[in-house]
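S.K.: Sending over a structure as structure tokens; questions will come in a sec.
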Amino acid sequence: MTDEQGALLRRLRKRARLTQEQLAERSTVSVRTIRRLETGRSTDHRLRTLHLLADALEVGTEERRQLTDTLDRAPEEAAVGPPEAAPATSPAIPPGPAPIAPAIPPGPAPIAPATPSATQEPAPATPPVAEPEPEPKPAPAPPADPGPASIAPAAPPAVGPPEPVPYAPATPSAGVLADAAASLAREVKRRWQREEGHRRVHDPFPLPVRWQPVPAGLMDRPENVQRLQPGDAPRALHLSGDLRSVVATYRSIASGRLVILGRAGSGKSVLAIKFALDLLAASAAPAPVPVIFGIGSWDPTTTTLRDFLVGLLLRDHPHLARRVPGGSTLAAALVDADLILPVLDGFDEIAEALRAAALETLNATSRPLVLTSRRDEYARAARAAHAPLVWAAGIELTDLGVEDLAAYLPRTDRLVAQGGGEGGEKGGEEDGTGVWDAVLQRLKARDTAASIRLAEVLRTPLMVILARTMYSEGPGREPAELLDTARFPTAGHLEEHLLAGFVPAVYRRRAPERADGGRGQRYRDPDQARRWLGYLAHSLSRGTHDQQDLAWWRIGQNPRLATRVLLTVLVSTVCMAVATLLVQVVAAASGLGEPIGPGASVSYALLVGVCSGTAFGVTYAALAVFGRTTAVPSRVRLRLPAAGRRTGQRPVRTFLTRFGFMLLGGSVLGVGYSWSVALMSVLEIELALSRTELMRIVLINTLLYGLIIGLTAGLVFGVLAVFESPMDITAAATPVRLLSVNRTAAGRQLLVLVPALALGVVLCGYVVVLLFQGLLGTLLWPLRGAVLLGATGGLGGAAAYVLVFTAWGQWLTVSRVWLPMTRRLPWDTVAFLEDAYQRGVLRQAGAVYQFRHIRLQRHLARTYRE
């Protein structure tokens with residue numbers, strides 16, 4: 001790249017107010033590559049890399065041409081391939097001095113009263129802990145938009161009766177919130193443009209989605225919708241239109257509240273995406289940013305609407321966890337300032353028993369919003385709540401007609417050749433006619449029960465897309481079979497046939513192109529893919545109602561509780577046993593410990609591992625009682641505490657909360673370790689002590705080890721909580737990116753915990769022994785044994801904690817090991833999920849996946865169970 005082009009790239013980046021790291025996040029190009037491009041030192045970059053940077057910077061046509069001008073004139077330098085990958089961010093463990101460990105002499109390791117025969121020094125221990133969700137601290141502010149945000153204007157002010165729940169403006173400055181809203185608008189626009197293209201909405205053209213007003217009983221009074229004063233006559237509401245007029249229809253509603261109803265698969269979600277993109281593309285003054293929220297998981301009896309929206313914003317846009325003056329997150333400040341226009345998609349997916357409560361909660365607010373739902377479910381909820389959504393207009397999507405099918409389906413059939421020929425014919429058609437022509441003629445005639453039934457099935461975009469996938473894009477299939485009344489006696493049989501044929505059709509097609517940075521493995525076996533997808537769909541349907549969000553960090557909760565507890569015990573046992581054995585081997589090799597036989601070393605390591613693993617299992621089971629075993633992705637990193645103090649963070653409260661929680665967990669592990677010491681003493685030595693004296697020593701060790709390891713865990717994790725702050729992720733989260741960030745965070749956390757726990761055990765041991773010295777007799781805490789106890793506790797305890805109680809650890813142990821071993825999922829689960837997304841079976845909703853449609857999810861779950 002020339003110096004002029006490097007200067008142009010640097011100027012465009014600064015105009016967008018992005019750092020090199022932020023641009024790397026958006027474009028997936030490494031920071032090193034961006035730095036080399038801006039300085040003109042890069043001579044082997046690819047044209048695709050420059051286009052990725054141009055897309056991330058949202059440059060115009062002329063600036064894009066200037067940026068890629070050199071390579072456009074030298075195409076031989078523009079090799080086709082993925083952009084240069086960013087270097088791995090996981091830090092390697094630096095080499096250092098080997099841990100020191102004394103040999104385990106043939107005796108117990110009590111801290112309790114010393115006796116001539118009880119001289120063994122303490123062996124290592126490990127703390128079991130389950131870290132609670134930290135309270136995030138601030139990260140740098142997101143980049144501001146250099147120009148005015150192109151989003152829709154705010155709804156007109158209400159002139160009617162007082163609002164049920166008035167909203168007070170947030171305390172942060174208007175400039176901070178405006179910059180955050182502009183940045184969020186760009187993220188939302190980029191995300192849904194990509195998703196719209198992935199769903200092939202415009203291929204070959206959008207299916208017509210039209211609407212009409214809902215019946216009077218499903219919409220509030222016109223004078224309430226228009227927010228009129230008493231005595232004012234309402235004007236006519238124009239609530240008919242199609243995809244092109246969705247924003248105009250919404251802007252005609254004075255209350256800013258709209259309900260979109262339709263049958264399953266009628267195009268409600270596509271209309272919501274179109275609404276958000278058109279509103280963002282409108283050339284108007286800055287206004288609330290339309291954000292699509294899937295509300296199927298909302299429980300209004302336990303979570304307020306405001307908290308639910310804030311939680312989803314933090315999940316899908318992690319940089320909004322930054323703190324603002326007053327202590328709230330940037331996401332909460334945007335919601336409180338009415339700078340978010342919620343598009344609530346999937347009201348019908350809320351548990352049936354909660355829909356009336358959800359509607360009552362929405363009726364208690366005056367917030368402008370858009371709500372989508374199936375008609376029957378919404379009508380039942382309105383009857384149960386004794387009112388539809390107040391102040392809201394309502395539209396209902398209409399069915400597709402035969403004319404719509406005749407215009408759409410023939411243009412999707414791209415495999416018919418004129419005159420036939422080998423490899424060019426499809427289904428025996430050699431005269432240039434389409435495979436849909438005969439079927440469409442029957443549908444237009446509507447002369448048989450079969451044609452009437454098929455027309456009824458193909459009245460929704462979902463079924464049309466399924467039929468297109470099976471017959472227009474799948475060779476060897478004839479749509480004329482859909483008119484076979486013997487195979488398909490009812491409309492339900494036809495719908496099940498189309499649902500069942502979708503997955504085999506997309507997995508027999510050509511494998512999709514590999515995405516930048518994606519995995520190379522592709523899955524082509526339809527039966528195998530259907531079984532894995534069926535398991536995932538089945539895991540979402542267990543419970544009171546079907547969940548839609550397929551989150552990678554929740555897959556680890558799919559096995560039964562007994563299985564998860566057993567896995568916790570096994571993983572913790574292995575971590576502690578390996579750490580204990582490693583410390584003993586290194587100590588013996590370095591001459592810092594007394595020689596010990598290999599049999600005794602292995603026995604002692606296994607004993608410590610089993611007792612400590614059992615303690616971890618007990619802790620996990622106790623957390624399961626309170627529903628705290630599902631670890632959520634970490635959105636924090638370690639930073640200097642000054643950043644937290646500047647934004648209203650409460651370090652004392654954060655420290656005390658984490659300290660108390662981890663004190664209990666660490667004490668359980670300390671008790672487990674003390675019993676492993678006691679069992680080793682009983683098995684390998686003969687003490688000249690009475691049973692009473694031996695029990696007294698065991699009880700004292702139990703108390704002291706519990707305090708030492710409990711205090712260590714509480715102090716270490718409490719101090720780390722004070723240093724935590726939100727990650728600076730300015731690009732919207734995707735499942736793969738969030739997984740990568742958490743893998744890096746888990747590695748760094750492990751590197752910090754190992755030395756912190758080791759040092760904490762040594763220091764806390766001295767403090768505890770000093771406090772109880774004389775009170776419980778003569779206590780021993782030699783330096784060599786304390787260092788080795790800390791070394792083993794740091795290595796084994798930190799590894800067990802990361803693998804058992806973090807989101808990435810649960811993903812690794814369950815989704816990447818246990819479920820593949822039991823043939824429920826493939827070995828490379830993330831590659832399979834990305835492959836299913838590329839094929840159109842799954843879709844992305846922020847940081848989670850969802851099945852293409854809830855009906856497909858339910859079909860796969862049912863066939864898996866059967």
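To be explicit about the labels: the chains of the structure tokens are called A, B, and onward in the order shown, and within each one the residues are counted from 1, while ligands get numbers from 1 in the order they are shown.
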For A:Leu825, find every residue with an atom within 10 Å (counting only C-alpha atoms), except residues of its own chain fewer than 5 positions away, and show them as a list in words.
M.R.: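 The contact residues come out as Gln528, Ala529, Arg531, Trp532, Leu533, Gly534, Tyr535, Leu536, Ser815, Arg816, Val817, Trp818, Leu819, Pro820 and Phe832 of chain A.
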S.K.: Rank A:Leu458, A:Ile273, A:Gly809, A:Asp179 by their smallest atom-to-atom distance to A:Leu339, using only C-alpha atoms, and report the top residue only.
M.R.: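 Using only C-alpha atoms, the shortest distance to A:Leu339 belongs to A:Asp179.
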S.K.: Could you pull out all residues of stretch 189-247 of chain A with a DSSP call of alpha helix (DSSP H) and give them as a list in words?
M.R.: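 Everything in stretch 189-247 of chain A that counts as alpha helix (DSSP H) is Lys189, Arg190, Arg191, Trp192, Gln193, Arg194, Glu195, Glu196, Gly197, His198, Pro222, Glu223, Asn224, Val225, Val246 and Val247 of chain A.
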S.K.: So that I can check the surroundings of A:Leu9, please list as a PDB file with C-alpha atoms, in the first residue's frame every protein, DNA and RNA residue that reaches within 10 Å of it, counting only C-alpha atoms and ignoring chain neighbours fewer than 5 positions away.
M.R.:
```
ATOM      1  CA  ASP A   3       1.804   6.226   1.717  1.00  0.00           C
ATOM      2  CA  GLU A   4      -1.181   8.144   0.256  1.00  0.00           C
ATOM      3  CA  LYS A  14     -10.131   8.981  12.663  1.00  0.00           C
ATOM      4  CA  ARG A  15     -13.188  10.454  10.999  1.00  0.00           C
ATOM      5  CA  ILE A  34      -4.146  -2.221  10.096  1.00  0.00           C
ATOM      6  CA  LEU A  37      -1.453  -0.572   6.137  1.00  0.00           C
ATOM      7  CA  GLU A  38      -1.597   2.884   7.726  1.00  0.00           C
ATOM      8  CA  THR A  39       2.197   3.211   7.787  1.00  0.00           C
ATOM      9  CA  LEU A  50      -9.324  -3.468   2.084  1.00  0.00           C
ATOM     10  CA  LEU A  53     -12.012  -2.219   6.220  1.00  0.00           C
ATOM     11  CA  ALA A  54     -14.128  -0.106   3.883  1.00  0.00           C
ATOM     12  CA  LEU A  57     -15.732   2.329   8.074  1.00  0.00           C
ATOM     13  CA  GLU A  63     -13.407   6.724  -1.103  1.00  0.00           C
ATOM     14  CA  ARG A  64     -13.627   2.938  -1.509  1.00  0.00           C
ATOM     15  CA  GLN A  66      -9.339   5.443  -3.762  1.00  0.00           C
ATOM     16  CA  LEU A  67      -8.610   2.979  -0.997  1.00  0.00           C
TER      17      LEU A  67
END
```
S.K.: Counting only C-alpha atoms, what is within 9 Å of stretch 701-717 of chain A, bar same-chain residues fewer than 5 positions away, as a ChimeraX atom specification?
M.R.: /A:109-112,125-129,131,655-656,658-675,677-678,696,722,753,756-769,772,793
S.K.: Can you work out which one of A:Glu481, A:Asp345, A:Glu693, A:Glu496 has the shortest atom-to-atom distance to A:Thr863, counting only C-alpha atoms?
M.R.: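 Counting only C-alpha atoms, the residue closest to A:Thr863 is A:Glu496.
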S.K.: For A:Asp484, list every protein, DNA or RNA residue within 12 Å, evaluated using only C-alpha atoms, and leave out those in the same chain fewer than 6 positions away; present the list as a PyMOL selection string.
M.R.: chain A and resi 439+448-451+453-454+478+490-491+493-494+497
